[in-house]
Amino acid sequence: MTAKEIRDLSEGEINVKLRDTRNELLQLRLKKHTGQIEKPHIIRILCKSIARMETVLTQKKSKKAIARLSAR
C-alpha cells in the first residue's frame, strides 16, 4: 500500500489496516520459523507498510493537535 493510498484513509481505517497487517506479519513470521513460507520477501514488504501507516497516522494526529491549538 502506498503512502498516498494511506493518506486517503481516515484514522479509524488506518488503525484497522494496521491491526490486520500486524496480524498478517505475525502469521508469516510463525510460518517462517516452521519453514512453511514460500515468499519470505513479503515480510519486509509488510514491515514497510506498517511503518508507512504509523508515519501517516502520526502526521494526521499532529495536524489535528496543531489545529486544536490554533483554534484556541
# chains A, B, ... in the order shown; residues from 1 in each chain; ligands from 1

call {"tool": "residues_around", "arguments": {"residues": "A:Lys32", "least_positions_apart": "6", "cutoff": "12 Å", "atoms": "only C-alpha atoms", "output": "ChimeraX atom specification"}}
result
/A:25-26,38-43

call {"tool": "write_last_selection", "arguments": {"atoms": "all heavy atoms", "output": "PDB file, in the first residue's frame"}}
result
ATOM      1  N   LEU A  25       1.588 -10.146   9.492  1.00  0.00           N
ATOM      2  CA  LEU A  25       3.025 -10.242   9.700  1.00  0.00           C
ATOM      3  C   LEU A  25       3.350 -11.302  10.749  1.00  0.00           C
ATOM      4  O   LEU A  25       4.281 -12.096  10.577  1.00  0.00           O
ATOM      5  CB  LEU A  25       3.592  -8.888  10.120  1.00  0.00           C
ATOM      6  CG  LEU A  25       5.085  -8.810  10.382  1.00  0.00           C
ATOM      7  CD1 LEU A  25       5.865  -9.136   9.119  1.00  0.00           C
ATOM      8  CD2 LEU A  25       5.449  -7.438  10.909  1.00  0.00           C
ATOM      9  N   LEU A  26       2.573 -11.338  11.807  1.00  0.00           N
ATOM     10  CA  LEU A  26       2.776 -12.348  12.847  1.00  0.00           C
ATOM     11  C   LEU A  26       2.621 -13.753  12.276  1.00  0.00           C
ATOM     12  O   LEU A  26       3.441 -14.635  12.537  1.00  0.00           O
ATOM     13  CB  LEU A  26       1.790 -12.134  13.994  1.00  0.00           C
ATOM     14  CG  LEU A  26       1.790 -13.194  15.083  1.00  0.00           C
ATOM     15  CD1 LEU A  26       3.087 -13.147  15.869  1.00  0.00           C
ATOM     16  CD2 LEU A  26       0.606 -13.001  16.000  1.00  0.00           C
ATOM     17  N   GLU A  38       6.656 -19.523   1.595  1.00  0.00           N
ATOM     18  CA  GLU A  38       7.123 -19.634   0.218  1.00  0.00           C
ATOM     19  C   GLU A  38       7.770 -18.339  -0.277  1.00  0.00           C
ATOM     20  O   GLU A  38       8.689 -18.382  -1.077  1.00  0.00           O
ATOM     21  CB  GLU A  38       5.952 -19.983  -0.696  1.00  0.00           C
ATOM     22  CG  GLU A  38       5.391 -21.366  -0.449  1.00  0.00           C
ATOM     23  CD  GLU A  38       4.196 -21.664  -1.324  1.00  0.00           C
ATOM     24  OE1 GLU A  38       3.981 -20.943  -2.316  1.00  0.00           O
ATOM     25  OE2 GLU A  38       3.480 -22.618  -1.008  1.00  0.00           O
ATOM     26  N   LYS A  39       7.259 -17.204   0.191  1.00  0.00           N
ATOM     27  CA  LYS A  39       7.767 -15.912  -0.268  1.00  0.00           C
ATOM     28  C   LYS A  39       8.201 -15.079   0.936  1.00  0.00           C
ATOM     29  O   LYS A  39       7.442 -14.254   1.452  1.00  0.00           O
ATOM     30  CB  LYS A  39       6.679 -15.167  -1.041  1.00  0.00           C
ATOM     31  CG  LYS A  39       6.202 -15.904  -2.274  1.00  0.00           C
ATOM     32  CD  LYS A  39       5.095 -15.159  -2.961  1.00  0.00           C
ATOM     33  CE  LYS A  39       4.588 -15.945  -4.155  1.00  0.00           C
ATOM     34  NZ  LYS A  39       3.469 -15.264  -4.806  1.00  0.00           N
ATOM     35  N   PRO A  40       9.429 -15.264   1.386  1.00  0.00           N
ATOM     36  CA  PRO A  40       9.879 -14.546   2.580  1.00  0.00           C
ATOM     37  C   PRO A  40      10.035 -13.036   2.390  1.00  0.00           C
ATOM     38  O   PRO A  40      10.054 -12.296   3.358  1.00  0.00           O
ATOM     39  CB  PRO A  40      11.224 -15.188   2.902  1.00  0.00           C
ATOM     40  CG  PRO A  40      11.644 -15.887   1.679  1.00  0.00           C
ATOM     41  CD  PRO A  40      10.423 -16.207   0.899  1.00  0.00           C
ATOM     42  N   HIS A  41      10.105 -12.563   1.152  1.00  0.00           N
ATOM     43  CA  HIS A  41      10.244 -11.131   0.917  1.00  0.00           C
ATOM     44  C   HIS A  41       8.992 -10.357   1.328  1.00  0.00           C
ATOM     45  O   HIS A  41       9.054  -9.145   1.542  1.00  0.00           O
ATOM     46  CB  HIS A  41      10.576 -10.858  -0.551  1.00  0.00           C
ATOM     47  CG  HIS A  41       9.448 -11.159  -1.480  1.00  0.00           C
ATOM     48  ND1 HIS A  41       9.171 -12.446  -1.900  1.00  0.00           N
ATOM     49  CD2 HIS A  41       8.533 -10.365  -2.058  1.00  0.00           C
ATOM     50  CE1 HIS A  41       8.117 -12.419  -2.710  1.00  0.00           C
ATOM     51  NE2 HIS A  41       7.710 -11.165  -2.823  1.00  0.00           N
ATOM     52  N   ILE A  42       7.884 -11.046   1.460  1.00  0.00           N
ATOM     53  CA  ILE A  42       6.630 -10.386   1.852  1.00  0.00           C
ATOM     54  C   ILE A  42       6.736  -9.834   3.270  1.00  0.00           C
ATOM     55  O   ILE A  42       6.114  -8.821   3.592  1.00  0.00           O
ATOM     56  CB  ILE A  42       5.443 -11.352   1.701  1.00  0.00           C
ATOM     57  CG1 ILE A  42       5.264 -11.680   0.220  1.00  0.00           C
ATOM     58  CG2 ILE A  42       4.166 -10.764   2.256  1.00  0.00           C
ATOM     59  CD1 ILE A  42       4.191 -12.672  -0.077  1.00  0.00           C
ATOM     60  N   ILE A  43       7.554 -10.453   4.106  1.00  0.00           N
ATOM     61  CA  ILE A  43       7.739  -9.974   5.475  1.00  0.00           C
ATOM     62  C   ILE A  43       8.292  -8.546   5.446  1.00  0.00           C
ATOM     63  O   ILE A  43       7.812  -7.668   6.165  1.00  0.00           O
ATOM     64  CB  ILE A  43       8.668 -10.917   6.263  1.00  0.00           C
ATOM     65  CG1 ILE A  43       7.970 -12.259   6.486  1.00  0.00           C
ATOM     66  CG2 ILE A  43       9.079 -10.299   7.592  1.00  0.00           C
ATOM     67  CD1 ILE A  43       8.826 -13.317   7.125  1.00  0.00           C
TER      68      ILE A  43
END

call {"tool": "closest_atom_pairs", "arguments": {"of": "stretch 22-60 of chain A", "to": "stretch 11-18 of chain A", "cutoff": "12 Å", "atoms": "only C-alpha atoms", "output": "tab-separated table"}}
result
residue	atom	partner	partner_atom	distance
A:Arg22	CA	A:Leu18	CA	6.1
A:Asn23	CA	A:Leu18	CA	8.5
A:Glu24	CA	A:Leu18	CA	9.8
A:Leu25	CA	A:Leu18	CA	10.4
A:Leu46	CA	A:Leu18	CA	10.0
A:Cys47	CA	A:Leu18	CA	10.5
A:Lys48	CA	A:Leu18	CA	11.4
A:Ser49	CA	A:Leu18	CA	8.5
A:Ile50	CA	A:Leu18	CA	6.3
A:Ala51	CA	A:Leu18	CA	9.4
A:Arg52	CA	A:Leu18	CA	9.7
A:Met53	CA	A:Ile14	CA	6.6
A:Glu54	CA	A:Leu18	CA	7.9
A:Thr55	CA	A:Ile14	CA	10.7
A:Val56	CA	A:Ile14	CA	8.7
A:Leu57	CA	A:Glu11	CA	6.5
A:Thr58	CA	A:Glu11	CA	9.7
A:Gln59	CA	A:Glu11	CA	10.4
A:Lys60	CA	A:Glu11	CA	7.6

call {"tool": "write_last_selection", "arguments": {"atoms": "N, CA, C and O atoms", "output": "JSON list (two decimals), in the first residue's frame"}}
result
[["chain", "number", "residue", "atom", "x", "y", "z"],
["A", 22, "ARG", "N", -0.41, -6.13, 10.94],
["A", 22, "ARG", "CA", 0.42, -6.70, 12.02],
["A", 22, "ARG", "C", 0.07, -8.16, 12.27],
["A", 22, "ARG", "O", 0.96, -8.98, 12.52],
["A", 23, "ASN", "N", -1.21, -8.48, 12.20],
["A", 23, "ASN", "CA", -1.63, -9.87, 12.38],
["A", 23, "ASN", "C", -1.09, -10.75, 11.25],
["A", 23, "ASN", "O", -0.59, -11.85, 11.49],
["A", 24, "GLU", "N", -1.15, -10.23, 10.03],
["A", 24, "GLU", "CA", -0.63, -10.97, 8.88],
["A", 24, "GLU", "C", 0.89, -11.17, 9.01],
["A", 24, "GLU", "O", 1.41, -12.25, 8.72],
["A", 25, "LEU", "N", 1.59, -10.15, 9.49],
["A", 25, "LEU", "CA", 3.02, -10.24, 9.70],
["A", 25, "LEU", "C", 3.35, -11.30, 10.75],
["A", 25, "LEU", "O", 4.28, -12.10, 10.58],
["A", 46, "LEU", "N", 5.59, -6.09, 4.32],
["A", 46, "LEU", "CA", 4.63, -5.79, 5.38],
["A", 46, "LEU", "C", 5.23, -4.85, 6.43],
["A", 46, "LEU", "O", 4.54, -3.96, 6.92],
["A", 47, "CYS", "N", 6.49, -5.05, 6.77],
["A", 47, "CYS", "CA", 7.15, -4.16, 7.74],
["A", 47, "CYS", "C", 7.17, -2.73, 7.22],
["A", 47, "CYS", "O", 6.92, -1.78, 7.98],
["A", 48, "LYS", "N", 7.46, -2.55, 5.95],
["A", 48, "LYS", "CA", 7.49, -1.21, 5.36],
["A", 48, "LYS", "C", 6.08, -0.61, 5.31],
["A", 48, "LYS", "O", 5.92, 0.59, 5.55],
["A", 49, "SER", "N", 5.08, -1.43, 5.04],
["A", 49, "SER", "CA", 3.71, -0.93, 5.03],
["A", 49, "SER", "C", 3.29, -0.47, 6.42],
["A", 49, "SER", "O", 2.63, 0.55, 6.58],
["A", 50, "ILE", "N", 3.67, -1.24, 7.43],
["A", 50, "ILE", "CA", 3.36, -0.86, 8.81],
["A", 50, "ILE", "C", 4.03, 0.47, 9.14],
["A", 50, "ILE", "O", 3.40, 1.36, 9.74],
["A", 51, "ALA", "N", 5.27, 0.64, 8.75],
["A", 51, "ALA", "CA", 5.98, 1.89, 9.02],
["A", 51, "ALA", "C", 5.30, 3.06, 8.32],
["A", 51, "ALA", "O", 5.15, 4.15, 8.90],
["A", 52, "ARG", "N", 4.86, 2.86, 7.08],
["A", 52, "ARG", "CA", 4.15, 3.92, 6.35],
["A", 52, "ARG", "C", 2.86, 4.29, 7.07],
["A", 52, "ARG", "O", 2.55, 5.48, 7.22],
["A", 53, "MET", "N", 2.10, 3.29, 7.49],
["A", 53, "MET", "CA", 0.84, 3.56, 8.18],
["A", 53, "MET", "C", 1.07, 4.30, 9.49],
["A", 53, "MET", "O", 0.34, 5.24, 9.82],
["A", 54, "GLU", "N", 2.08, 3.89, 10.24],
["A", 54, "GLU", "CA", 2.41, 4.56, 11.51],
["A", 54, "GLU", "C", 2.79, 6.02, 11.25],
["A", 54, "GLU", "O", 2.37, 6.91, 11.98],
["A", 55, "THR", "N", 3.58, 6.26, 10.21],
["A", 55, "THR", "CA", 4.01, 7.62, 9.89],
["A", 55, "THR", "C", 2.83, 8.50, 9.52],
["A", 55, "THR", "O", 2.69, 9.61, 10.04],
["A", 56, "VAL", "N", 1.97, 8.02, 8.66],
["A", 56, "VAL", "CA", 0.81, 8.81, 8.23],
["A", 56, "VAL", "C", -0.12, 9.04, 9.41],
["A", 56, "VAL", "O", -0.66, 10.14, 9.59],
["A", 57, "LEU", "N", -0.29, 8.06, 10.26],
["A", 57, "LEU", "CA", -1.15, 8.20, 11.44],
["A", 57, "LEU", "C", -0.59, 9.26, 12.38],
["A", 57, "LEU", "O", -1.34, 10.11, 12.88],
["A", 58, "THR", "N", 0.70, 9.27, 12.58],
["A", 58, "THR", "CA", 1.34, 10.29, 13.43],
["A", 58, "THR", "C", 1.18, 11.68, 12.81],
["A", 58, "THR", "O", 0.91, 12.65, 13.52],
["A", 59, "GLN", "N", 1.33, 11.78, 11.50],
["A", 59, "GLN", "CA", 1.16, 13.06, 10.82],
["A", 59, "GLN", "C", -0.26, 13.58, 10.98],
["A", 59, "GLN", "O", -0.47, 14.76, 11.26],
["A", 60, "LYS", "N", -1.23, 12.70, 10.84],
["A", 60, "LYS", "CA", -2.62, 13.11, 10.97],
["A", 60, "LYS", "C", -2.92, 13.57, 12.40],
["A", 60, "LYS", "O", -3.62, 14.56, 12.61]]

call {"tool": "select_by_dssp", "arguments": {"residues": "chain A", "states": "helix (DSSP H, G or I)", "output": "PyMOL selection string"}}
result
chain A and resi 3-7+11-34+41-71

call {"tool": "write_last_selection", "arguments": {"atoms": "C-alpha atoms", "output": "mmCIF file, in the first residue's frame"}}
result
data_model
loop_
_atom_site.group_PDB
_atom_site.id
_atom_site.type_symbol
_atom_site.label_atom_id
_atom_site.label_comp_id
_atom_site.auth_asym_id
_atom_site.auth_seq_id
_atom_site.Cartn_x
_atom_site.Cartn_y
_atom_site.Cartn_z
ATOM 1 C CA ALA A 3 1.631 6.420 1.258
ATOM 2 C CA LYS A 4 -0.834 8.254 -0.994
ATOM 3 C CA GLU A 5 -3.410 5.486 -0.572
ATOM 4 C CA ILE A 6 -2.879 5.518 3.183
ATOM 5 C CA ARG A 7 -3.297 9.306 3.391
ATOM 6 C CA GLU A 11 -7.619 7.428 11.165
ATOM 7 C CA GLY A 12 -10.019 4.631 12.047
ATOM 8 C CA GLU A 13 -9.474 2.881 8.739
ATOM 9 C CA ILE A 14 -5.708 3.194 9.129
ATOM 10 C CA ASN A 15 -5.924 1.643 12.596
ATOM 11 C CA VAL A 16 -7.924 -1.292 11.237
ATOM 12 C CA LYS A 17 -5.485 -1.842 8.354
ATOM 13 C CA LEU A 18 -2.565 -1.530 10.776
ATOM 14 C CA ARG A 19 -4.019 -4.193 13.054
ATOM 15 C CA ASP A 20 -4.720 -6.518 10.119
ATOM 16 C CA THR A 21 -1.242 -6.031 8.671
ATOM 17 C CA ARG A 22 0.418 -6.697 12.020
ATOM 18 C CA ASN A 23 -1.629 -9.870 12.376
ATOM 19 C CA GLU A 24 -0.626 -10.974 8.878
ATOM 20 C CA LEU A 25 3.025 -10.242 9.700
ATOM 21 C CA LEU A 26 2.776 -12.348 12.847
ATOM 22 C CA GLN A 27 1.345 -15.266 10.883
ATOM 23 C CA LEU A 28 4.108 -15.008 8.275
ATOM 24 C CA ARG A 29 6.806 -14.903 10.946
ATOM 25 C CA LEU A 30 5.363 -18.025 12.539
ATOM 26 C CA LYS A 31 5.358 -19.765 9.156
ATOM 27 C CA LYS A 32 8.951 -18.650 8.586
ATOM 28 C CA HIS A 33 10.100 -20.257 11.826
ATOM 29 C CA THR A 34 8.393 -23.509 10.923
ATOM 30 C CA HIS A 41 10.244 -11.131 0.917
ATOM 31 C CA ILE A 42 6.630 -10.386 1.852
ATOM 32 C CA ILE A 43 7.739 -9.974 5.475
ATOM 33 C CA ARG A 44 9.858 -6.963 4.508
ATOM 34 C CA ILE A 45 7.024 -5.509 2.426
ATOM 35 C CA LEU A 46 4.633 -5.793 5.375
ATOM 36 C CA CYS A 47 7.152 -4.163 7.736
ATOM 37 C CA LYS A 48 7.489 -1.215 5.364
ATOM 38 C CA SER A 49 3.708 -0.931 5.034
ATOM 39 C CA ILE A 50 3.361 -0.863 8.811
ATOM 40 C CA ALA A 51 5.978 1.890 9.016
ATOM 41 C CA ARG A 52 4.153 3.917 6.351
ATOM 42 C CA MET A 53 0.838 3.560 8.176
ATOM 43 C CA GLU A 54 2.411 4.558 11.507
ATOM 44 C CA THR A 55 4.015 7.617 9.887
ATOM 45 C CA VAL A 56 0.810 8.810 8.233
ATOM 46 C CA LEU A 57 -1.146 8.198 11.439
ATOM 47 C CA THR A 58 1.341 10.288 13.425
ATOM 48 C CA GLN A 59 1.164 13.062 10.821
ATOM 49 C CA LYS A 60 -2.624 13.111 10.974
ATOM 50 C CA LYS A 61 -2.603 13.232 14.777
ATOM 51 C CA SER A 62 -0.100 16.083 14.861
ATOM 52 C CA LYS A 63 -2.096 18.060 12.288
ATOM 53 C CA LYS A 64 -5.186 17.565 14.406
ATOM 54 C CA ALA A 65 -3.337 18.733 17.542
ATOM 55 C CA ILE A 66 -1.971 21.811 15.769
ATOM 56 C CA ALA A 67 -5.451 22.673 14.506
ATOM 57 C CA ARG A 68 -6.811 22.313 18.038
ATOM 58 C CA LEU A 69 -4.121 24.593 19.463
ATOM 59 C CA SER A 70 -4.575 27.258 16.795
ATOM 60 C CA ALA A 71 -8.338 27.265 17.372
#
